[in-house]
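In what follows, a structure is listed as structure tokens, so that the remarks can point back to it.
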Protein chains: 2
Amino acid sequence: MSEARRHLDQAEALCRERGVRLTPQRRTVLRLICEAERPLSAYEILDRMHQGARRPAPPTVYRALDFLLQQGLIHKIESLHAFVGCKHPQHPHTGQFLVCTDCGRVNEIHGRPLEDGLQQAARQAGFHTRKPVVELLGTCAHCHGRDC
Amino acid sequence: MSEARRHLDQAEALCRERGVRLTPQRRTVLRLICEAERPLSAYEILDRMHQGARRPAPPTVYRALDFLLQQGLIHKIESLHAFVGCKHPQHPHTGQFLVCTDCGRVNEIHGRPLEDGLQQAARQAGFHTRKPVVELLGTCAHCHGRDC
DNA sequence: TCATAGTTGTTACATTATAACATTTCATCC
DNA sequence: GGATGAAATGTTATAATGTAACAACTATGA
Ligand SMILES: [Zn+2]
Ligand SMILES: [Zn+2]
Ligand SMILES: [Zn+2]
Ligand SMILES: [Zn+2]
């Protein structure tokens with residue numbers, strides 16, 4: 001079974017459990033994101049949604065993206081204005097990402113949501129973290145030394 | 001001496017050392033950013049630049065921002081599309097920020113550029129970090145408990 | 001069936017950012 | 001001082017990203 005297919009089936013099951021509706025539109029957006037090898041922007045998704053039919057208007061895709069974000073099925077990469085599938089959506093979480101600026105691929109790191117040093121600094125400042133944005137931009141193993 | 005004024009003087013000195021030109025336009029943009037209590041978007045800066053005269057076109061401010069970013073005099077908060085002054089521009093660095101989503105204020109954390117756990121995960125994946133984006137969104141000490 | 005909430009369609013617009021090329025200003029050399 | 005090239009700025013147009021507002025449709029249960 002393909003990686004993308006596994007994600008979709010898992011999403012289907014999660015939404016059923018939670019009593020929310022993974023409608024065909026939302027499923028299509030999730031599928032396009034999961035099939036892509038790199039993060040897709042909202043407008044790239046729009047371009048891939050209309051197979052023959054006319055291209056939907058932006059709110060269509062933004063609404064589907066909002067739903068998928070709320071359900072923790074995708075993450076937004078802020079520094080790219082683009083979206084990636086979450087590989088472990090069972091327990092919604094904020095992501096930490098390695099973003100390759102050469103090939104565009106993104107790798108989600110798992111582990112404690114924030115490393116202690118950072119979290120401590122925040123606490124000491126009396127700060128209450130709600131949504132950490134952690135995106136390490138650089139080059140991935142495949143792209144080292146390549147002149148791409 | 002005001003905080004903003006101190007930043008400007010320091011920027012002036014740094015640019016002289018480095019042989020780059022902190023022109024009046026660039027200085028104005030830096031001043032507006034330093035005087036603000038919260039990050040300013042490029043267009044907010046534009047709005048504040050024209051004192052009586054006509055408002056400059058976007059490239060004007062984006063070019064100044066590019067220069068100030070290159071010189072490490074300001075940082076961009078990716079998740080806000082906005083810019084803040086750097087309080088320690090002597091040694092250019094990437095920032096780590098506590099971003100209050102209530103009052104809008106931003107607090108730059110200093111310390112090791114990345115905590116060990118995170119950095120190790122990246123290295124293990126063969127990833128070479130060039131620009132970390134670390135922005136903790138939440139509520140600051142002042143805003144806790146307030147219904148703002 | 002009917003009422004209701006949730007979802008989608010549609011139009012228009014707001015915000016953020018850049019490409020391309022003309023013009024001006026600045027520093028340097030003669 | 002005047003020529004010259006590099007840097008900075010002006011200007012127009014447009015690309016890319018994101019949202020407000022309201023109408024229409026659809027699923028669902030009383
Ligand atoms: Zn995830
Ligand atoms: Zn790569
Ligand atoms: Zn800084
Ligand atoms: Zn606050």
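A note on labels: chains of the structure tokens are A, B, ... as shown, every chain counts residues from 1, and ligands are counted from 1 in their shown order.
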Open item on the list: So that I can check the surroundings of DA20 (chain C), please list as an NGL selection string every protein, DNA and RNA residue that reaches within 12 Å of it, counting only C-alpha atoms (C1' of nucleotides) and ignoring chain neighbours fewer than 3 positions away.
Closed with: (:B and (59)) or (:D and (11-14))
TODO: Could I get the residue neighbourhood of ligand 1 at 10 Å, counting only C-alpha atoms (C1' of nucleotides) and all ligand atoms, as a list in words?
DONE: Gly72, Leu73, Ile74, His75, Lys76, Val84, Gly85, Cys86, Lys87, His88, Pro89, Gln90, His91, Pro92, His93, Thr94, Gly95, Gln96, Phe97, Asn107, Glu108, Ile109 and His110 of chain A
Expected selection as a short mmCIF file (atom, residue, chain, number, x, y, z; two decimals) with all heavy atoms, in the first residue's frame for ligand 4 within 6 Å, only C-alpha atoms (C1' of nucleotides) and all ligand atoms:
data_model
loop_
_atom_site.label_atom_id
_atom_site.label_comp_id
_atom_site.auth_asym_id
_atom_site.auth_seq_id
_atom_site.Cartn_x
_atom_site.Cartn_y
_atom_site.Cartn_z
N CYS B 100 3.95 37.24 21.63
CA CYS B 100 2.67 37.28 22.33
C CYS B 100 1.55 37.59 21.34
O CYS B 100 1.56 38.62 20.68
CB CYS B 100 2.67 38.32 23.44
SG CYS B 100 1.10 38.35 24.33
N ASP B 102 -1.47 38.14 22.15
CA ASP B 102 -2.44 39.08 22.71
C ASP B 102 -2.00 40.51 22.44
O ASP B 102 -2.68 41.28 21.77
CB ASP B 102 -2.60 38.87 24.22
CG ASP B 102 -3.56 37.73 24.51
OD1 ASP B 102 -4.03 37.09 23.55
OD2 ASP B 102 -3.84 37.47 25.69
N CYS B 103 -0.84 40.89 23.01
CA CYS B 103 -0.41 42.29 22.89
C CYS B 103 0.48 42.51 21.68
O CYS B 103 0.74 43.65 21.30
CB CYS B 103 0.33 42.73 24.16
SG CYS B 103 1.91 41.90 24.42
N ARG B 105 3.62 41.93 21.36
CA ARG B 105 5.04 42.17 21.63
C ARG B 105 5.88 40.93 21.39
O ARG B 105 5.40 39.80 21.54
CB ARG B 105 5.22 42.65 23.06
CG ARG B 105 4.75 44.08 23.26
CD ARG B 105 5.16 44.61 24.62
NE ARG B 105 4.72 45.99 24.79
CZ ARG B 105 3.48 46.36 25.04
NH1 ARG B 105 2.53 45.45 25.15
NH2 ARG B 105 3.17 47.64 25.17
N THR B 139 1.25 33.60 25.06
CA THR B 139 0.91 34.82 25.77
C THR B 139 2.03 35.18 26.75
O THR B 139 2.56 34.32 27.45
CB THR B 139 -0.41 34.66 26.57
OG1 THR B 139 -0.43 33.37 27.17
CG2 THR B 139 -1.60 34.79 25.65
N CYS B 140 2.34 36.48 26.79
CA CYS B 140 3.43 36.94 27.63
C CYS B 140 2.94 37.14 29.07
O CYS B 140 1.74 37.06 29.35
CB CYS B 140 4.00 38.25 27.08
SG CYS B 140 2.98 39.69 27.38
N HIS B 142 2.61 39.73 30.89
CA HIS B 142 1.67 40.83 31.08
C HIS B 142 0.24 40.44 30.71
O HIS B 142 -0.71 40.97 31.25
CB HIS B 142 2.07 42.04 30.25
CG HIS B 142 3.30 42.71 30.75
ND1 HIS B 142 4.41 42.94 29.95
CD2 HIS B 142 3.64 43.16 31.97
CE1 HIS B 142 5.34 43.52 30.66
NE2 HIS B 142 4.92 43.67 31.89
N CYS B 143 0.14 39.53 29.75
CA CYS B 143 -1.19 39.26 29.19
C CYS B 143 -1.88 38.07 29.84
O CYS B 143 -3.05 37.81 29.54
CB CYS B 143 -1.09 39.05 27.69
SG CYS B 143 -0.62 40.57 26.82
#
TODO: Would you give me, as a VMD selection string, the residues of chain B that come within 9 Å of chain D, using only C-alpha atoms (C1' of nucleotides)?
DONE: chain B and resid 23 56 to 57 60
Task: Per-residue DSSP, chain A, filtered to helix (DSSP H, G or I), as a PyMOL selection string - done: chain A and resi 3-18+24-35+42-49+58-70+78-80+116-124+141-143
Selected residues, C-alpha atoms, written as a PDB file, in the first residue's frame, please.
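Final output, saved to part_36.pdb:
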ATOM      1  CA  GLU A   3       2.412   5.858   1.745  1.00  0.00           C
ATOM      2  CA  ALA A   4      -0.198   8.376   0.631  1.00  0.00           C
ATOM      3  CA  ARG A   5      -2.922   5.764   0.696  1.00  0.00           C
ATOM      4  CA  ARG A   6      -2.023   4.761   4.239  1.00  0.00           C
ATOM      5  CA  HIS A   7      -2.305   8.380   5.351  1.00  0.00           C
ATOM      6  CA  LEU A   8      -5.701   8.738   3.768  1.00  0.00           C
ATOM      7  CA  ASP A   9      -7.055   5.597   5.360  1.00  0.00           C
ATOM      8  CA  GLN A  10      -5.753   6.670   8.738  1.00  0.00           C
ATOM      9  CA  ALA A  11      -7.317  10.105   8.309  1.00  0.00           C
ATOM     10  CA  GLU A  12     -10.601   8.498   7.362  1.00  0.00           C
ATOM     11  CA  ALA A  13     -10.564   6.399  10.538  1.00  0.00           C
ATOM     12  CA  LEU A  14      -9.587   9.313  12.773  1.00  0.00           C
ATOM     13  CA  CYS A  15     -12.345  11.538  11.440  1.00  0.00           C
ATOM     14  CA  ARG A  16     -14.908   8.808  11.949  1.00  0.00           C
ATOM     15  CA  GLU A  17     -13.756   8.375  15.559  1.00  0.00           C
ATOM     16  CA  ARG A  18     -13.948  12.091  16.164  1.00  0.00           C
ATOM     17  CA  PRO A  24     -14.617  14.493  -0.756  1.00  0.00           C
ATOM     18  CA  GLN A  25     -13.148  17.989  -1.127  1.00  0.00           C
ATOM     19  CA  ARG A  26     -11.197  17.723   2.085  1.00  0.00           C
ATOM     20  CA  ARG A  27     -10.079  14.253   1.154  1.00  0.00           C
ATOM     21  CA  THR A  28      -8.874  15.472  -2.225  1.00  0.00           C
ATOM     22  CA  VAL A  29      -6.838  18.271  -0.656  1.00  0.00           C
ATOM     23  CA  LEU A  30      -5.325  15.839   1.831  1.00  0.00           C
ATOM     24  CA  ARG A  31      -4.547  13.367  -0.954  1.00  0.00           C
ATOM     25  CA  LEU A  32      -2.790  15.992  -3.068  1.00  0.00           C
ATOM     26  CA  ILE A  33      -0.694  17.057  -0.089  1.00  0.00           C
ATOM     27  CA  CYS A  34       0.199  13.469   0.810  1.00  0.00           C
ATOM     28  CA  GLU A  35       1.083  12.518  -2.756  1.00  0.00           C
ATOM     29  CA  ALA A  42      -2.610  26.713  -1.370  1.00  0.00           C
ATOM     30  CA  TYR A  43      -2.567  27.821  -4.987  1.00  0.00           C
ATOM     31  CA  GLU A  44      -0.574  24.805  -6.122  1.00  0.00           C
ATOM     32  CA  ILE A  45      -3.291  22.676  -4.569  1.00  0.00           C
ATOM     33  CA  LEU A  46      -5.952  24.717  -6.338  1.00  0.00           C
ATOM     34  CA  ASP A  47      -4.173  24.143  -9.653  1.00  0.00           C
ATOM     35  CA  ARG A  48      -4.199  20.387  -9.078  1.00  0.00           C
ATOM     36  CA  MET A  49      -7.835  20.226  -7.970  1.00  0.00           C
ATOM     37  CA  PRO A  58      -9.438  30.216  -3.187  1.00  0.00           C
ATOM     38  CA  PRO A  59     -11.834  29.929  -0.225  1.00  0.00           C
ATOM     39  CA  THR A  60     -12.535  26.358  -1.266  1.00  0.00           C
ATOM     40  CA  VAL A  61      -9.001  25.227  -0.636  1.00  0.00           C
ATOM     41  CA  TYR A  62      -8.396  27.477   2.355  1.00  0.00           C
ATOM     42  CA  ARG A  63     -11.457  26.056   4.087  1.00  0.00           C
ATOM     43  CA  ALA A  64     -10.323  22.511   3.486  1.00  0.00           C
ATOM     44  CA  LEU A  65      -6.845  23.441   4.751  1.00  0.00           C
ATOM     45  CA  ASP A  66      -8.333  24.975   7.907  1.00  0.00           C
ATOM     46  CA  PHE A  67     -10.211  21.778   8.603  1.00  0.00           C
ATOM     47  CA  LEU A  68      -7.161  19.568   8.026  1.00  0.00           C
ATOM     48  CA  LEU A  69      -5.030  21.810  10.245  1.00  0.00           C
ATOM     49  CA  GLN A  70      -7.617  21.723  13.029  1.00  0.00           C
ATOM     50  CA  GLU A  78       5.243  29.179   7.915  1.00  0.00           C
ATOM     51  CA  SER A  79       8.513  30.073   6.257  1.00  0.00           C
ATOM     52  CA  LEU A  80       7.358  28.513   2.961  1.00  0.00           C
ATOM     53  CA  ASP A 116      14.275  21.965  27.702  1.00  0.00           C
ATOM     54  CA  GLY A 117      16.591  24.920  27.266  1.00  0.00           C
ATOM     55  CA  LEU A 118      14.189  26.750  25.046  1.00  0.00           C
ATOM     56  CA  GLN A 119      11.141  25.891  27.097  1.00  0.00           C
ATOM     57  CA  GLN A 120      12.873  27.004  30.290  1.00  0.00           C
ATOM     58  CA  ALA A 121      13.811  30.332  28.801  1.00  0.00           C
ATOM     59  CA  ALA A 122      10.187  30.853  27.889  1.00  0.00           C
ATOM     60  CA  ARG A 123       8.941  29.889  31.337  1.00  0.00           C
ATOM     61  CA  GLN A 124      11.472  32.122  33.035  1.00  0.00           C
ATOM     62  CA  ALA A 141      21.649  14.728   3.323  1.00  0.00           C
ATOM     63  CA  HIS A 142      20.768  14.114  -0.323  1.00  0.00           C
ATOM     64  CA  CYS A 143      21.574  17.643  -1.345  1.00  0.00           C
TER      65      CYS A 143
END
TODO: Give as a PyMOL selection string every residue of chain C that touches chain B within 9 Å, counting only C-alpha atoms (C1' of nucleotides).
DONE: chain C and resi 15-18
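Near chain A, within 6 Å and counting only C-alpha atoms, the residues of chain B are B:Glu78, B:Ser79, B:Gly126, B:Phe127, B:His128, B:Thr129, B:Arg130, B:Lys131, B:Pro132, B:Val133, B:Val134, B:Glu135, B:Leu136, B:Leu137, B:Gly138, B:Thr139, B:Cys140, B:Ala141.
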Write out the residues from the selection above, keeping N, CA, C and O atoms, as a short mmCIF file (atom, residue, chain, number, x, y, z; two decimals), in the first residue's frame.
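What follows is the written file selection_19.cif:
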data_model
loop_
_atom_site.label_atom_id
_atom_site.label_comp_id
_atom_site.auth_asym_id
_atom_site.auth_seq_id
_atom_site.Cartn_x
_atom_site.Cartn_y
_atom_site.Cartn_z
N GLU B 78 8.61 35.24 10.82
CA GLU B 78 7.96 34.62 9.67
C GLU B 78 6.47 34.42 9.90
O GLU B 78 5.67 34.61 9.00
N SER B 79 6.12 34.04 11.13
CA SER B 79 4.72 33.70 11.36
C SER B 79 3.84 34.94 11.45
O SER B 79 2.63 34.82 11.51
N GLY B 126 21.48 13.95 8.95
CA GLY B 126 22.39 14.40 7.90
C GLY B 126 22.03 15.77 7.38
O GLY B 126 22.38 16.16 6.27
N PHE B 127 21.35 16.53 8.22
CA PHE B 127 20.84 17.82 7.79
C PHE B 127 21.78 18.94 8.22
O PHE B 127 22.29 18.94 9.34
N HIS B 128 22.01 19.88 7.32
CA HIS B 128 22.90 21.00 7.61
C HIS B 128 22.08 22.29 7.74
O HIS B 128 21.60 22.84 6.75
N THR B 129 21.91 22.74 8.96
CA THR B 129 21.04 23.90 9.21
C THR B 129 21.71 25.20 8.82
O THR B 129 22.86 25.45 9.16
N ARG B 130 20.97 26.02 8.07
CA ARG B 130 21.50 27.30 7.64
C ARG B 130 20.76 28.45 8.35
O ARG B 130 21.36 29.41 8.77
N LYS B 131 19.46 28.31 8.41
CA LYS B 131 18.68 29.39 9.03
C LYS B 131 17.55 28.80 9.87
O LYS B 131 16.51 28.43 9.34
N PRO B 132 17.75 28.74 11.18
CA PRO B 132 16.68 28.24 12.04
C PRO B 132 15.59 29.28 12.20
O PRO B 132 15.88 30.46 12.37
N VAL B 133 14.36 28.85 12.14
CA VAL B 133 13.22 29.71 12.42
C VAL B 133 12.57 29.18 13.68
O VAL B 133 12.00 28.08 13.67
N VAL B 134 12.71 29.90 14.78
CA VAL B 134 12.17 29.45 16.06
C VAL B 134 11.33 30.57 16.64
O VAL B 134 11.85 31.60 17.07
N GLU B 135 10.02 30.39 16.60
CA GLU B 135 9.09 31.42 17.05
C GLU B 135 8.04 30.76 17.93
O GLU B 135 7.23 29.99 17.44
N LEU B 136 8.08 31.08 19.22
CA LEU B 136 7.11 30.50 20.14
C LEU B 136 5.93 31.46 20.28
O LEU B 136 6.05 32.52 20.89
N LEU B 137 4.78 31.06 19.73
CA LEU B 137 3.59 31.89 19.83
C LEU B 137 2.83 31.53 21.10
O LEU B 137 2.66 30.36 21.41
N GLY B 138 2.39 32.54 21.82
CA GLY B 138 1.66 32.30 23.06
C GLY B 138 1.31 33.61 23.72
O GLY B 138 1.09 34.60 23.03
N THR B 139 1.25 33.60 25.06
CA THR B 139 0.91 34.82 25.77
C THR B 139 2.03 35.18 26.75
O THR B 139 2.56 34.32 27.45
N CYS B 140 2.34 36.48 26.79
CA CYS B 140 3.43 36.94 27.63
C CYS B 140 2.94 37.14 29.07
O CYS B 140 1.74 37.06 29.35
N ALA B 141 3.89 37.39 29.96
CA ALA B 141 3.57 37.53 31.38
C ALA B 141 2.50 38.61 31.61
O ALA B 141 1.59 38.44 32.41
#
Identify all residues of region 38-105 of chain A in strand (DSSP E or B) (DSSP on the backbone) and supply them as a CSV table (one decimal) with all heavy atoms, in the first residue's frame.
chain,number,residue,atom,x,y,z
A,40,LEU,N,3.1,21.9,-0.5
A,40,LEU,CA,2.4,22.5,-1.6
A,40,LEU,C,1.8,23.8,-1.0
A,40,LEU,O,1.3,23.8,0.1
A,40,LEU,CB,1.3,21.6,-2.1
A,40,LEU,CG,1.7,20.3,-2.8
A,40,LEU,CD1,0.4,19.6,-3.3
A,40,LEU,CD2,2.6,20.6,-4.0
A,74,ILE,N,-2.6,17.8,8.8
A,74,ILE,CA,-1.5,18.5,8.0
A,74,ILE,C,-0.9,19.5,8.9
A,74,ILE,O,-1.4,19.9,10.0
A,74,ILE,CB,-2.0,19.2,6.7
A,74,ILE,CG1,-3.0,20.3,7.1
A,74,ILE,CG2,-2.6,18.2,5.8
A,74,ILE,CD1,-3.4,21.1,5.9
A,75,HIS,N,0.3,20.0,8.5
A,75,HIS,CA,1.0,21.1,9.2
A,75,HIS,C,1.2,22.2,8.2
A,75,HIS,O,1.4,21.9,7.0
A,75,HIS,CB,2.3,20.7,9.8
A,75,HIS,CG,2.2,19.7,10.9
A,75,HIS,ND1,1.7,20.0,12.1
A,75,HIS,CD2,2.6,18.4,10.9
A,75,HIS,CE1,1.8,18.9,12.9
A,75,HIS,NE2,2.3,17.9,12.2
A,76,LYS,N,1.3,23.4,8.7
A,76,LYS,CA,1.7,24.5,7.8
A,76,LYS,C,3.2,24.9,8.1
A,76,LYS,O,3.6,25.0,9.2
A,76,LYS,CB,0.9,25.8,8.0
A,76,LYS,CG,1.3,27.0,7.2
A,76,LYS,CD,0.4,28.1,7.2
A,76,LYS,CE,0.8,29.2,6.1
A,76,LYS,NZ,-0.1,30.3,6.1
A,77,ILE,N,4.0,25.0,7.0
A,77,ILE,CA,5.3,25.5,7.1
A,77,ILE,C,5.3,27.0,6.9
A,77,ILE,O,5.2,27.4,5.8
A,77,ILE,CB,6.3,24.8,6.1
A,77,ILE,CG1,6.1,23.3,6.1
A,77,ILE,CG2,7.7,25.2,6.4
A,77,ILE,CD1,6.6,22.6,7.4
A,82,ALA,N,3.4,27.0,2.9
A,82,ALA,CA,3.1,25.8,2.3
A,82,ALA,C,2.7,24.7,3.3
A,82,ALA,O,3.0,24.9,4.5
A,82,ALA,CB,4.2,25.3,1.4
A,83,PHE,N,2.1,23.6,2.8
A,83,PHE,CA,1.5,22.6,3.7
A,83,PHE,C,2.1,21.2,3.5
A,83,PHE,O,2.3,20.9,2.3
A,83,PHE,CB,0.0,22.7,3.5
A,83,PHE,CG,-0.6,24.0,3.7
A,83,PHE,CD1,-0.6,25.0,2.7
A,83,PHE,CD2,-1.1,24.3,5.0
A,83,PHE,CE1,-1.2,26.2,3.0
A,83,PHE,CE2,-1.7,25.6,5.2
A,83,PHE,CZ,-1.7,26.5,4.2
A,84,VAL,N,2.3,20.5,4.6
A,84,VAL,CA,2.7,19.1,4.4
A,84,VAL,C,1.8,18.2,5.3
A,84,VAL,O,1.2,18.7,6.2
A,84,VAL,CB,4.1,18.9,5.0
A,84,VAL,CG1,5.2,19.6,4.1
A,84,VAL,CG2,4.2,19.4,6.4
A,85,GLY,N,1.7,16.9,4.9
A,85,GLY,CA,1.0,16.0,5.7
A,85,GLY,C,1.7,15.7,6.9
A,85,GLY,O,2.9,15.7,7.0
A,96,GLN,N,8.0,20.1,14.3
A,96,GLN,CA,9.3,20.7,14.2
A,96,GLN,C,9.9,20.1,12.9
A,96,GLN,O,9.8,18.9,12.7
A,96,GLN,CB,10.2,20.2,15.4
A,96,GLN,CG,9.7,20.6,16.7
A,96,GLN,CD,10.4,19.9,17.8
A,96,GLN,OE1,11.3,20.5,18.5
A,96,GLN,NE2,10.1,18.6,18.1
A,97,PHE,N,10.4,21.0,12.1
A,97,PHE,CA,10.7,20.5,10.7
A,97,PHE,C,12.1,20.9,10.2
A,97,PHE,O,12.6,21.9,10.6
A,97,PHE,CB,9.7,21.2,9.7
A,97,PHE,CG,8.3,21.0,10.1
A,97,PHE,CD1,7.6,21.9,10.9
A,97,PHE,CD2,7.6,19.8,9.7
A,97,PHE,CE1,6.3,21.6,11.2
A,97,PHE,CE2,6.3,19.5,10.1
A,97,PHE,CZ,5.6,20.5,10.8
A,98,LEU,N,12.6,19.9,9.4
A,98,LEU,CA,13.9,20.2,8.7
A,98,LEU,C,13.5,20.5,7.3
A,98,LEU,O,13.0,19.6,6.6
A,98,LEU,CB,14.8,19.0,8.8
A,98,LEU,CG,15.1,18.5,10.2
A,98,LEU,CD1,16.1,17.3,10.1
A,98,LEU,CD2,15.7,19.6,11.0
A,99,VAL,N,13.7,21.7,6.8
A,99,VAL,CA,13.3,22.1,5.5
A,99,VAL,C,14.5,22.3,4.6
A,99,VAL,O,15.3,23.2,4.8
A,99,VAL,CB,12.5,23.5,5.6
A,99,VAL,CG1,12.1,23.9,4.2
A,99,VAL,CG2,11.4,23.4,6.6
A,100,CYS,N,14.6,21.4,3.5
A,100,CYS,CA,15.7,21.6,2.6
A,100,CYS,C,15.4,22.6,1.6
A,100,CYS,O,14.4,22.5,0.8
A,100,CYS,CB,16.0,20.2,1.9
A,100,CYS,SG,17.4,20.4,0.8
Open item on the list: Just the number, please: distance in Å from C1' of DG6 (chain C) to CA of Val20 (chain A), one decimal.
Closed with: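 The value is 10.4 Å.
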Task: Between CA of Gly104 (chain A) and CA of Arg38 (chain A) - distance in Å to one decimal - done: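 About the pair CA of Arg38 (chain A) and CA of Gly104 (chain A): they are 5.7 Å apart.
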Open item on the list: Just the number, please: distance in Å from CA of Arg55 (chain A) to CA of Gln71 (chain A), one decimal.
Closed with: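 Pair CA of Arg55 (chain A) / CA of Gln71 (chain A) returns 25.4 Å.
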